[in-house]
Amino acid sequence: MTESVKQDVALPTGWKASDSPVKRAFAKSRLVQVAAGVLALLVLATVFAPLLSLHNPFDPSNLDLMDAFTAPWSQGMGEMFYPLGADDQGRDVYSAILYGLRMSVFVGVAAVALSLIIGVPLGLIAGYAGGWFDTLLMRIADVQLTFPVILVALLIFGIARGLLPEGYRDDMAVFVIIVAIGLSDWVQYARTVRGAVMVEKQKDYVLAAQLIGRSQTAILTKHILPNMLAPILVIATISFAHAIVAESTLSYLGVGLPPTAPSLGTLIRIGQSFLFSGEWWILLFPSLVLLALALSVNLVGDWLRDALNPKLQ
Amino acid sequence: MNMTTDTHNPVPDAVPVLRVHNLSVTFDTYKGPVHVLHDVSFDIFPGEILGVVGESGAGKSMTGSAVTGLIEAPGRISAGTVELRGLRIDTLQGEDLRRIRGKRIGTIFQDPLTSLNPVYTVGDHLVETIRTHLPVSEKEAEARALALLEEVEIPHAKERMSQYPHQFSGGMRQRVAIALALCAEPELIIADEPTTALDVSVQAQIIALLRKVCKERGAAAMLITHDMGVIAETADRVMVMYHGRVLETGAVRQVLDAPRDPYTQVLMAAIPSVHQRVERLPVPEVGGGAVAKAVPWTPKPVDAAAAQARPLVEVKHLCKEYDLSNGWLARLLAREDKKILKASDDVSFNIRKGTTFGLVGESGSGKSTVARMIAGLTPPTSGQILFDGVDKWSPAANTVAMRRRFQMIFQDPYASLNPRWTVEQLIAEPLVVLGLTSGPAETAERVQEALRRVRMKPDDAKKYPHQFSGGQRQRIAVARALASKPEFIICDEPTSALDVSVQAQVLNLMRDLQDEFGLTYLLISHNLAVIRHMCDDIGVMQRGKLVEVGESQAVLDDPQHQYTKDLMHAIPDIAHVH
Amino acid sequence: MLVHLLRRLGQSVLVLLAVSLVSFMVFRHIGDPTISLLGEDATLEERTALVEELGFNKSVPMQYLSYVGKVVQGDLGISYRLKRPVADVIAERLPATLELAMTAAVLALLIGIVLGVYTAIKKDGWLSRAIMTVSLVGVSLPTFLIGIGLIYVFAVELRWLPSFGRGETVKIGGWETGFLTSSGWAALIMPAITLGFYNMTLIMRLVRAEMLEVLRSDYIRFGRARGLHEKSLYFGHALRNTLIPVITIAGLQIGSLIAFAIVTETVFQWPGVGLLFISSVQGVDVPLIAAYLMFIALLYVVINLFVDFLYVLVDPRLRKK
């Protein structure tokens, strides 16, 4: 009781009501600014990949086998300049990275979107309605949580492989992996939203809305959902980072994106086979870009979580 | 505000246990230094209890923290001295400071639930503290711990030593906290809002215990609280604070009866009394010059027709049961081992039109449950609620027309307004949902009208709740409740979370509106003084049952039921100085 | 407490049944055992005989029951690829994975908790900040990259450690262990670090967050006001409260190590069940996939129960009065 009593006069809590604590925290941390900058750069590179790359490395007509294993920052046999070198098929590593980045980000975003679409509504309903739906959902979530992403993804991949005819496997790989990662991550969203809804449900403003006779749907969408945005955003950022790592791991294992439309993980897999023979650039540059992507997303996500945490304000 | 010097000194030659001189505390925020305490000076002599009273933000807790060196960064002591029997303690650091704490100064905090470590037994807490300060063996420490528990009147002390904090009730936990403060025989005890989180009846016991313990040991004590009644019952002298400054210090009786500072004068008058009803409470204004005395209340003449009319709300044999037998482990531990909880047990009363009915009781009495059932939020297990003759829980009552006649004001001003909505959206919602306006223009006009009525500014409509203080938020809640022009408003502890001065404002506002619009109120509160001030009829609830009901004057002046008598007796009242 | 544990036991059984159902569906409906086991040239009689032997001509519920019955007895079917009983194959490869996982778990727990406590207590020091930054990198790095990086540095450049395999192993009873030879340990170091790194950073950040939260609580403040030593506040009061929620999460994390071993085993060609599983997925070796699923489920259920039990033991608020 005294907590709210204390707030009646402006105590030095460190922030004025109209300031945004998020903006302030951003201005304070140089590291986060750099991370955000890197992230923005990478996203732009993703969007403009065809424009930024030197050629489409996955169109066989563009490749010149004579240029295979060209060292970084040097000219090939013909006119082409390879800023980051060329791989065993004469593909420009720089361009391959851009296209690979595009795939990685695309899969990450799509997987997050899928998890969101499944997890948030389920969490909302479970948290608000409670009862058998809630119990059922939590049991399913428990069961699913027993299996880590990799396992679920592998399982789905295996099933898809068993069911799909041979020729379609490569084309469907993108969708399979998006579904695999999306289906394994929805639980986080559902749980977080459910927990947050259960807290908000107790608050008096929900009672006030029920009093005047608003429907349950209206209360959920207009009153409760806007208060969920902060936790959802935090989960989404972290889960995006997870998705990227998961996708690259699966591609590395050979059960993700194929070499015909590779992601950064696939490129790394290809590159590893050349590690011992000395063509280090085929492995190193995709690895660095993957690291930069994951790291910047995590940094921004971490900072976002702290900035939006009401307990720390 | 003048700083009135202390003229009351019991033994002129005695050395004060605590001497604070010109103490100032500053917080270094990102916007520059904020001064939280200015030039605070006071003494406490051995064997005396100094009450430190003031509203929120007055700096009373800050003063207590400054004495024990518990102010956390970015706060710091920017000026002044603190001396404990001549030794300067504000400059102590590290080990020196640690040795003082607990050994020479004992502290008691407000919330006994969070003050104790949930995974340590009560015995562990005590033995650890004793052995930190006194060179005794484990066995001896246990013996001392036992003696302390008995001194704070915990029954079956020996068995309870090995129990965990969650196995004790709130009052018992606070007794343990007191025992912990006394472990090393301190010379000074600082109690920061020790009874605020407790029920009224328990509060009285703890206050008495504190007083007994201090007097018996001859320790000096600093009792920090916002409740003037507690001060009146316990303290010898009192120091009134406001916005980080000391307004007045003196003997309790003198400050209560004849305060010198004009702010204090009005502050004392703004506290509702459980013994007398007044028309309106005087509201303290900064800078003095406010209404000093309140006019006693006179009953309005009641015409015969109104007296014969059907009561607006009739509650008949209302029951609500909760089945806890399949509860989760945590729920089973929080309540007693009951299978069925009777939150309401055969409650019946009537509310006359245009009056205020008060439902009073302690926590767990079921008053909020009754309110929720009447509001239509919780379905009763059995019983009837008739609103103007219509059964509230029948399908006939589930119409827009019916819903327009009800509204509710909730206790927590922070939880009753959706933080993501603007004030305008919040007040407009009932208007729009209940179909009371023809279009956005009319809605905006009515929102402005509602804001005017609660004396807020027109451009407040575009702001968000977090930009307002607790009292302002409660006014917004009142505006929202009134916007749809209801006949009947249920007020669930509307001022419990507010300061005395803000409470006075809100209660006055409610009375003004009742007079202007002929509203009927159901007021739920645990504060008997507020009930007395506001209500015409009251009902007293205990553990789900309505033990006494009737006209408020009759019930409070001449209670019939033992529980009501106990409640009246337990209230720390300003009139009662020991 | 008893009620609670019984309920958890019941849930566990349900989980196992659910997983067994999924396993069964996978087992039964994906791939064609007659082709995989007998080859393309098998005659009709051979196929019919196999179908009869495998019981594929009975009704689906009957098949499910017999499947569960067989599983309980330890008969997990015949691997399509390896043409050997699945149970044998798994049993052979299990010790490798278990040893790897155990080592990684111990590393992760020890280092994670120690660093977590340190960075919470000294949260503004430069060393703490450095450790936190490294931990952030650790959470962002995919496991396989760590493995590759380690291989490059220690196997390719420095040539100190082997880049694949288990080294020499010693067979004790049915268990092949690498703990008893120096080459076994040399081969274990990099994979264990790779496997445990992610969990270590996770545990470290968890412990740090919990401890910071606990250090902000009222009872720590009250303890300080009573004049208790900072050391007993940190290690007596705060640490105990911190470790309680950490136990659950850490326990579950350790369980996930066995599953995550898949990646590490691939990078280092470590001959464990993880590598086995990958090959099964690529080769659509259905009985193995199904068996691995059941195995993981069983493992998790056991670990979950154990952690639950531990939690009730440790947190007095959960014990009945």
# chains A, B, ... in the order shown; residues from 1 in each chain; ligands from 1
call {"tool": "residues_around", "arguments": {"residues": "range 42-55 of chain A", "least_positions_apart": "6", "cutoff": "6 Å", "atoms": "only C-alpha atoms", "output": "MDAnalysis selection string"}}
result
chainID A and resid 95 98 102
call {"tool": "select_by_dssp", "arguments": {"residues": "range 232-263 of chain C", "states": "alpha helix (DSSP H)", "output": "VMD selection string"}}
result
chain C and resid 239 to 263
call {"tool": "select_by_dssp", "arguments": {"residues": "range 73-218 of chain C", "states": "strand (DSSP E)", "output": "PDB file with N, CA and C atoms, in the first residue's frame"}}
result
ATOM      1  N   VAL C 170      38.633 -47.900 -23.039  1.00  0.00           N
ATOM      2  CA  VAL C 170      38.766 -49.112 -22.256  1.00  0.00           C
ATOM      3  C   VAL C 170      37.377 -49.681 -21.998  1.00  0.00           C
ATOM      4  N   LYS C 171      37.208 -50.944 -22.212  1.00  0.00           N
ATOM      5  CA  LYS C 171      35.882 -51.534 -22.043  1.00  0.00           C
ATOM      6  C   LYS C 171      35.731 -52.104 -20.640  1.00  0.00           C
ATOM      7  N   ILE C 172      34.761 -51.601 -19.893  1.00  0.00           N
ATOM      8  CA  ILE C 172      34.464 -52.136 -18.556  1.00  0.00           C
ATOM      9  C   ILE C 172      33.051 -52.686 -18.577  1.00  0.00           C
ATOM     10  N   TRP C 175      30.484 -51.218 -20.962  1.00  0.00           N
ATOM     11  CA  TRP C 175      30.655 -49.778 -21.111  1.00  0.00           C
ATOM     12  C   TRP C 175      32.040 -49.454 -21.622  1.00  0.00           C
ATOM     13  N   GLU C 176      32.082 -48.748 -22.765  1.00  0.00           N
ATOM     14  CA  GLU C 176      33.391 -48.358 -23.292  1.00  0.00           C
ATOM     15  C   GLU C 176      33.694 -46.951 -22.818  1.00  0.00           C
ATOM     16  N   THR C 177      34.735 -46.818 -21.991  1.00  0.00           N
ATOM     17  CA  THR C 177      34.990 -45.500 -21.437  1.00  0.00           C
ATOM     18  C   THR C 177      36.265 -44.879 -21.975  1.00  0.00           C
TER      19      THR C 177
END
call {"tool": "closest_atom_pairs", "arguments": {"of": "chain C", "to": "chain B", "cutoff": "12 Å", "atoms": "only C-alpha atoms", "output": "Markdown table"}}
result
| residue | atom | partner | partner_atom | distance |
| --- | --- | --- | --- | --- |
| C:Met1 | CA | B:Leu329 | CA | 7.9 |
| C:Leu2 | CA | B:Leu329 | CA | 10.7 |
| C:Val3 | CA | B:Leu329 | CA | 9.1 |
| C:His4 | CA | B:Leu329 | CA | 7.5 |
| C:Leu5 | CA | B:Leu329 | CA | 11.0 |
| C:Arg7 | CA | B:Trp328 | CA | 11.1 |
| C:Val214 | CA | B:Asn117 | CA | 10.2 |
| C:Leu215 | CA | B:Asn117 | CA | 11.5 |
| C:Arg216 | CA | B:Glu72 | CA | 10.8 |
| C:Ser217 | CA | B:Thr114 | CA | 7.4 |
| C:Asp218 | CA | B:Ser115 | CA | 5.0 |
| C:Tyr219 | CA | B:Ser115 | CA | 4.1 |
| C:Ile220 | CA | B:Ser115 | CA | 7.8 |
| C:Arg221 | CA | B:Ser115 | CA | 7.9 |
| C:Phe222 | CA | B:Ser115 | CA | 5.9 |
| C:Gly223 | CA | B:Ser115 | CA | 8.4 |
| C:Arg224 | CA | B:Arg101 | CA | 7.7 |
| C:Ala225 | CA | B:Arg101 | CA | 5.7 |
| C:Arg226 | CA | B:Gly102 | CA | 4.0 |
| C:Gly227 | CA | B:Arg101 | CA | 4.5 |
| C:Leu228 | CA | B:Thr132 | CA | 6.4 |
| C:His229 | CA | B:Arg98 | CA | 7.3 |
| C:Glu230 | CA | B:Arg98 | CA | 8.9 |
| C:Lys231 | CA | B:Glu95 | CA | 11.8 |
| C:Ser232 | CA | B:Glu128 | CA | 9.4 |
| C:Leu233 | CA | B:Asn117 | CA | 10.6 |
| C:Gly236 | CA | B:Tyr120 | CA | 9.6 |
| C:His237 | CA | B:Asn117 | CA | 7.2 |
| C:Ala238 | CA | B:Asn117 | CA | 9.0 |
| C:Leu239 | CA | B:Val119 | CA | 10.9 |
| C:Arg240 | CA | B:Val119 | CA | 7.7 |
| C:Asn241 | CA | B:Val119 | CA | 7.1 |
| C:Thr242 | CA | B:Val119 | CA | 10.8 |
| C:Leu243 | CA | B:Val119 | CA | 11.4 |
| C:Ile244 | CA | B:Val119 | CA | 9.7 |
| C:Val312 | CA | B:Leu329 | CA | 10.8 |
| C:Leu313 | CA | B:Val119 | CA | 11.4 |
| C:Val314 | CA | B:Val119 | CA | 8.6 |
| C:Asp315 | CA | B:Val119 | CA | 6.6 |
| C:Pro316 | CA | B:Val119 | CA | 6.0 |
| C:Arg317 | CA | B:His166 | CA | 6.9 |
| C:Leu318 | CA | B:Leu329 | CA | 7.0 |
| C:Arg319 | CA | B:Leu329 | CA | 8.7 |
| C:Lys320 | CA | B:Leu333 | CA | 7.1 |
| C:Lys321 | CA | B:Gln167 | CA | 7.5 |
call {"tool": "write_last_selection", "arguments": {"atoms": "N, CA and C atoms", "output": "short mmCIF file (atom, residue, chain, number, x, y, z; two decimals), in the first residue's frame"}}
result
data_model
loop_
_atom_site.label_atom_id
_atom_site.label_comp_id
_atom_site.auth_asym_id
_atom_site.auth_seq_id
_atom_site.Cartn_x
_atom_site.Cartn_y
_atom_site.Cartn_z
N MET C 1 2.68 -32.74 -0.72
CA MET C 1 3.90 -33.04 -1.46
C MET C 1 3.76 -34.36 -2.19
N LEU C 2 3.23 -35.31 -1.50
CA LEU C 2 3.05 -36.61 -2.12
C LEU C 2 2.09 -36.47 -3.30
N VAL C 3 1.01 -35.71 -3.06
CA VAL C 3 0.03 -35.49 -4.12
C VAL C 3 0.71 -34.88 -5.35
N HIS C 4 1.52 -33.89 -5.09
CA HIS C 4 2.21 -33.20 -6.17
C HIS C 4 3.08 -34.16 -6.96
N LEU C 5 3.85 -34.96 -6.27
CA LEU C 5 4.74 -35.87 -6.97
C LEU C 5 3.96 -36.92 -7.74
N ARG C 7 1.09 -36.51 -9.02
CA ARG C 7 0.54 -35.86 -10.20
C ARG C 7 1.61 -35.75 -11.28
N VAL C 214 17.72 -11.14 -6.17
CA VAL C 214 17.68 -11.46 -4.75
C VAL C 214 18.36 -10.38 -3.92
N LEU C 215 19.50 -9.88 -4.43
CA LEU C 215 20.23 -8.86 -3.68
C LEU C 215 19.44 -7.57 -3.54
N ARG C 216 18.42 -7.41 -4.38
CA ARG C 216 17.59 -6.21 -4.27
C ARG C 216 16.46 -6.39 -3.26
N SER C 217 16.31 -7.59 -2.73
CA SER C 217 15.10 -7.86 -1.96
C SER C 217 15.17 -7.27 -0.57
N ASP C 218 14.00 -7.19 0.04
CA ASP C 218 13.89 -6.59 1.37
C ASP C 218 14.66 -7.34 2.43
N TYR C 219 14.69 -8.68 2.33
CA TYR C 219 15.32 -9.37 3.45
C TYR C 219 16.83 -9.19 3.45
N ILE C 220 17.39 -8.92 2.29
CA ILE C 220 18.82 -8.59 2.28
C ILE C 220 19.04 -7.24 2.93
N ARG C 221 18.17 -6.31 2.62
CA ARG C 221 18.25 -4.98 3.21
C ARG C 221 18.08 -5.07 4.72
N PHE C 222 17.13 -5.87 5.14
CA PHE C 222 16.88 -6.05 6.56
C PHE C 222 18.09 -6.70 7.22
N GLY C 223 18.68 -7.66 6.54
CA GLY C 223 19.88 -8.31 7.07
C GLY C 223 21.01 -7.32 7.25
N ARG C 224 21.16 -6.45 6.26
CA ARG C 224 22.19 -5.42 6.36
C ARG C 224 21.91 -4.51 7.55
N ALA C 225 20.64 -4.18 7.72
CA ALA C 225 20.26 -3.31 8.84
C ALA C 225 20.53 -3.98 10.18
N ARG C 226 20.54 -5.32 10.19
CA ARG C 226 20.82 -6.01 11.43
C ARG C 226 22.31 -6.14 11.67
N GLY C 227 23.10 -5.66 10.73
CA GLY C 227 24.54 -5.69 10.93
C GLY C 227 25.20 -7.00 10.56
N LEU C 228 24.54 -7.81 9.70
CA LEU C 228 25.18 -9.06 9.30
C LEU C 228 26.34 -8.76 8.36
N HIS C 229 27.34 -9.65 8.38
CA HIS C 229 28.48 -9.46 7.50
C HIS C 229 28.05 -9.59 6.05
N GLU C 230 28.71 -8.82 5.17
CA GLU C 230 28.38 -8.90 3.75
C GLU C 230 28.54 -10.32 3.24
N LYS C 231 29.55 -11.00 3.75
CA LYS C 231 29.81 -12.35 3.27
C LYS C 231 28.65 -13.30 3.58
N SER C 232 28.14 -13.20 4.80
CA SER C 232 27.03 -14.11 5.10
C SER C 232 25.78 -13.69 4.37
N LEU C 233 25.66 -12.40 4.03
CA LEU C 233 24.53 -11.96 3.23
C LEU C 233 24.60 -12.54 1.83
N GLY C 236 25.38 -16.80 2.41
CA GLY C 236 24.41 -17.52 3.22
C GLY C 236 23.01 -17.26 2.69
N HIS C 237 22.57 -16.01 2.75
CA HIS C 237 21.20 -15.69 2.38
C HIS C 237 20.97 -15.68 0.89
N ALA C 238 21.74 -14.84 0.19
CA ALA C 238 21.44 -14.63 -1.23
C ALA C 238 21.65 -15.88 -2.06
N LEU C 239 22.76 -16.55 -1.84
CA LEU C 239 23.10 -17.68 -2.69
C LEU C 239 22.06 -18.78 -2.59
N ARG C 240 21.63 -19.09 -1.38
CA ARG C 240 20.63 -20.15 -1.22
C ARG C 240 19.36 -19.84 -1.98
N ASN C 241 18.91 -18.59 -1.86
CA ASN C 241 17.69 -18.23 -2.57
C ASN C 241 17.88 -18.23 -4.08
N THR C 242 19.11 -17.88 -4.50
CA THR C 242 19.38 -17.85 -5.93
C THR C 242 19.38 -19.25 -6.51
N LEU C 243 20.00 -20.15 -5.81
CA LEU C 243 20.20 -21.48 -6.40
C LEU C 243 18.91 -22.27 -6.54
N ILE C 244 17.92 -21.92 -5.76
CA ILE C 244 16.69 -22.71 -5.83
C ILE C 244 16.04 -22.69 -7.21
N VAL C 312 11.29 -29.63 -4.41
CA VAL C 312 10.45 -29.70 -3.21
C VAL C 312 11.31 -29.87 -1.97
N LEU C 313 12.38 -30.64 -2.10
CA LEU C 313 13.27 -30.86 -0.98
C LEU C 313 13.93 -29.57 -0.53
N VAL C 314 14.28 -28.74 -1.50
CA VAL C 314 15.12 -27.59 -1.20
C VAL C 314 14.34 -26.34 -0.78
N ASP C 315 13.12 -26.16 -1.33
CA ASP C 315 12.39 -24.94 -1.03
C ASP C 315 11.35 -25.22 0.05
N PRO C 316 11.55 -24.66 1.24
CA PRO C 316 10.64 -24.97 2.35
C PRO C 316 9.21 -24.50 2.11
N ARG C 317 9.03 -23.54 1.19
CA ARG C 317 7.68 -23.06 0.96
C ARG C 317 6.81 -24.10 0.29
N LEU C 318 7.45 -25.10 -0.33
CA LEU C 318 6.66 -26.09 -1.05
C LEU C 318 6.32 -27.30 -0.20
N ARG C 319 6.92 -27.37 0.98
CA ARG C 319 6.62 -28.54 1.81
C ARG C 319 5.34 -28.28 2.57
N LYS C 320 4.55 -29.31 2.77
CA LYS C 320 3.29 -29.13 3.52
C LYS C 320 3.62 -28.86 4.97
N LYS C 321 2.74 -28.12 5.61
CA LYS C 321 3.00 -27.74 7.00
C LYS C 321 3.10 -28.97 7.88
#
call {"tool": "atom_distance", "arguments": {"atom1": "CA of Val105 in chain A", "atom2": "CA of Pro72 in chain A"}}
result
25.0 Å
call {"tool": "interface_residues", "arguments": {"of": "chain B", "to": "chain A", "cutoff": "7 Å", "atoms": "only C-alpha atoms", "output": "PyMOL selection string"}}
result
chain B and resi 27+29-30+34+56-57+376-377+403+410+415-418+420+430+466-467+469-471+497-499
call {"tool": "closest_atom_pairs", "arguments": {"of": "chain C", "to": "chain A", "cutoff": "7 Å", "atoms": "only C-alpha atoms", "output": "CSV"}}
result
residue,atom,partner,partner_atom,distance
C:Val15,CA,A:Val143,CA,6.0
C:Ile30,CA,A:Gly162,CA,5.7
C:Gly31,CA,A:Gly162,CA,6.0
C:Val137,CA,A:Leu295,CA,6.2
C:Ser140,CA,A:Ala294,CA,5.1
C:Leu141,CA,A:Leu291,CA,6.2
C:Pro142,CA,A:Val245,CA,5.5
C:Phe144,CA,A:Thr249,CA,6.9
C:Ser256,CA,A:Pro148,CA,6.6
C:Ala259,CA,A:Leu151,CA,6.9
C:Val281,CA,A:Gly158,CA,5.3
C:Val284,CA,A:Gly162,CA,6.6
C:Ala297,CA,A:Thr146,CA,6.9
C:Tyr300,CA,A:Thr146,CA,6.1
call {"tool": "residues_around", "arguments": {"residues": "range 114-118 of chain A", "least_positions_apart": "5", "cutoff": "7 Å", "atoms": "only C-alpha atoms", "output": "PyMOL selection string"}}
result
chain A and resi 182-183+185-186+189
